[in-house]
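Student: Let me give you the structure first, and then I'll get to my questions.
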Amino acid sequence: MKHASKRHAGAVVAVLSGLALALTTTTAHAAPGDPDVIAHRGSSGMAPENTAAAIDLAVTQRADFVEIDVQQTKDGKLVNFHDCTMERTTNIEDLYPNRPRYRVSDFTWNELRRLDTGSWFHKKYTGEPLITLDDVIRAIDRTRTGLLAEISPCSHYTDIATDLAHHLDTKPSYLHRALARHQLAVQ
């Protein structure tokens, strides 16, 4: 993995996102009709994107919604990951060298749960794991922060929208509460 340029880019994004969030956080829910504050990939400017650290920070910062990216593993687990391949933000090439592809859907959940998704961003996040959709739901459930779940645009998924809908149906208490409070959107 190439760490130096990724760390630099991560630091720049962190500073810019932190400033933007600082300017908007104090006005969230100030009056009806105000815009929602949406934490893109969690608080991805201040923690590695789509990780528990980024989601938890977005909740702490009182974001109205966390936007996540939903993909599916080879064995059907719905996970929170953005890119169509995993080289940019994980150590997948180190753990699984010489694989023909590095897509989420080419690996089982047991393989992916070993990944480090944080050290590319900053050494203090070394060992930050990949998280599932269920992890995200647990982190935001019963908070003021809603969920904006973006279905992966990666072209090899064909039924992921249906799989996401079925999965959400298995969480009836969360689903009913989130819908009643207008805290769930799927894109």
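Going through the structure tokens in order, the chains are called A, B, and so on, while each chain numbers its residues from 1 and the ligands are numbered from 1 in the order shown.
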Give me, as a Markdown table, each residue of segment 115-171 of chain A that comes within 6 Å of segment 70-89 of chain A, together with its shortest interatomic pair and the distance in Å at one decimal, counting only C-alpha atoms, with rows ordered by chain and rising residue number.
Tutor:
| residue | atom | partner | partner_atom | distance |
| --- | --- | --- | --- | --- |
| A:Thr117 | CA | A:Thr89 | CA | 5.7 |
| A:Trp120 | CA | A:Thr89 | CA | 5.9 |
| A:Ile131 | CA | A:Asn80 | CA | 5.8 |
| A:Thr132 | CA | A:Val79 | CA | 3.9 |
| A:Leu133 | CA | A:Val79 | CA | 5.2 |
| A:Ile151 | CA | A:Val70 | CA | 5.1 |
| A:Ser152 | CA | A:Val70 | CA | 5.5 |
| A:Cys154 | CA | A:Cys84 | CA | 5.5 |
Student: Residues as selected, N, CA and C atoms, written as a tab-separated table (two decimals), in the first residue's frame, can you do that?
Tutor:
chain	number	residue	atom	x	y	z
A	117	THR	N	-8.79	-0.86	8.24
A	117	THR	CA	-9.36	0.20	7.40
A	117	THR	C	-9.06	1.59	7.93
A	120	TRP	N	-4.46	3.90	6.85
A	120	TRP	CA	-4.24	4.76	5.68
A	120	TRP	C	-4.54	6.22	6.03
A	131	ILE	N	-16.82	-2.48	9.00
A	131	ILE	CA	-18.03	-2.70	9.80
A	131	ILE	C	-19.21	-3.09	8.91
A	132	THR	N	-20.18	-3.71	9.53
A	132	THR	CA	-21.37	-4.16	8.82
A	132	THR	C	-22.48	-3.11	8.91
A	133	LEU	N	-23.50	-3.31	8.13
A	133	LEU	CA	-24.69	-2.47	8.22
A	133	LEU	C	-25.28	-2.56	9.62
A	151	ILE	N	-26.86	2.61	-1.86
A	151	ILE	CA	-26.61	1.30	-2.44
A	151	ILE	C	-25.43	1.44	-3.39
A	152	SER	N	-24.51	0.50	-3.29
A	152	SER	CA	-23.30	0.56	-4.10
A	152	SER	C	-23.59	0.71	-5.58
A	154	CYS	N	-21.39	-0.04	-7.76
A	154	CYS	CA	-20.50	-0.99	-8.43
A	154	CYS	C	-21.35	-1.92	-9.30
Student: Taking 6 positions as the minimum chain separation for residues in the same chain, which residues sit within 9 Å of Ala139 of chain A when counting only C-alpha atoms? Answer as a list in words.
Tutor: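 The filter keeps Ala52, Ile55, Asp56 and Val59 of chain A.
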Student: For the residues selected in the previous step, produce a file with N, CA, C and O atoms as a short mmCIF file (atom, residue, chain, number, x, y, z; two decimals), in the first residue's frame.
Tutor:
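Contents of result.cif, freshly written:
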data_model
loop_
_atom_site.label_atom_id
_atom_site.label_comp_id
_atom_site.auth_asym_id
_atom_site.auth_seq_id
_atom_site.Cartn_x
_atom_site.Cartn_y
_atom_site.Cartn_z
N ALA A 52 -16.37 2.55 12.25
CA ALA A 52 -17.09 2.82 13.49
C ALA A 52 -16.65 4.16 14.08
O ALA A 52 -17.48 4.92 14.60
N ILE A 55 -18.50 6.89 12.19
CA ILE A 55 -19.93 6.89 12.51
C ILE A 55 -20.15 7.46 13.92
O ILE A 55 -20.99 8.33 14.14
N ASP A 56 -19.38 6.95 14.89
CA ASP A 56 -19.52 7.42 16.27
C ASP A 56 -19.25 8.91 16.39
O ASP A 56 -19.95 9.62 17.12
N VAL A 59 -22.22 10.91 15.16
CA VAL A 59 -23.28 10.92 16.17
C VAL A 59 -22.94 11.92 17.27
O VAL A 59 -23.78 12.73 17.69
#
Student: As an MDAnalysis selection string, please: all residues of segment 29-154 of chain A that backbone DSSP puts in helix (DSSP H, G or I).
Tutor: chainID A and resid 52:60 92:95 104:106 109:112 123:125 133:140
Student: Please indicate the distance in Å from atom CA of Ala185 of chain A to atom CA of Ala53 of chain A, rounded to one decimal place.
Tutor: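 Atom CA of Ala53 of chain A lies at a distance of 21.6 Å from atom CA of Ala185 of chain A.
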Student: Restricting the calculation to only C-alpha atoms: of A:Arg113, A:Val186, A:Ser105, A:Pro129, which residue gets closest to Thr158 of chain A?
Tutor: A:Ser105
Student: Could you pull out all residues of segment 39-141 of chain A with a DSSP call of strand (DSSP E) and give them as a list of chain:residue names?
Tutor: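 After running DSSP on the backbone, segment 39-141 of chain A has strand (DSSP E) at A:Ala39, A:His40, A:Phe65, A:Val66, A:Glu67, A:Ile68, A:Asp69, A:Val70, A:Gln71, A:Gln72, A:Leu78, A:Val79, A:Asn80, A:Ile131, A:Thr132.
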Student: How many Å lie between atom CA of Pro48 of chain A and atom CA of Val136 of chain A, rounded to one decimal?
Tutor: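 One can read the atom CA of Pro48 of chain A to atom CA of Val136 of chain A distance as 14.4 Å.
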Student: A:Thr145, A:Lys123, A:Thr108, A:Arg99: which is nearest Ala39 of chain A, counting only C-alpha atoms?
Tutor: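 Between A:Thr145, A:Lys123, A:Thr108, A:Arg99, the residue approaching Ala39 of chain A most closely is A:Thr145.
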Student: With only C-alpha atoms as the counted atoms, please give the residues lying no more than 10 Å from segment 90-97 of chain A, apart from itself and same-chain residues fewer than 6 positions off, as a list of chain:residue names.
Tutor: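 Skipping anything fewer than 6 positions along the chain leaves A:Met1, A:Lys2, A:Arg103, A:Glu111, A:Leu112, A:Arg114, A:Leu115, A:Asp116, A:Thr117, A:Gly118, A:Ser119, A:Trp120, A:Phe121, A:Gly127, A:Glu128, A:Pro129, A:Leu130.
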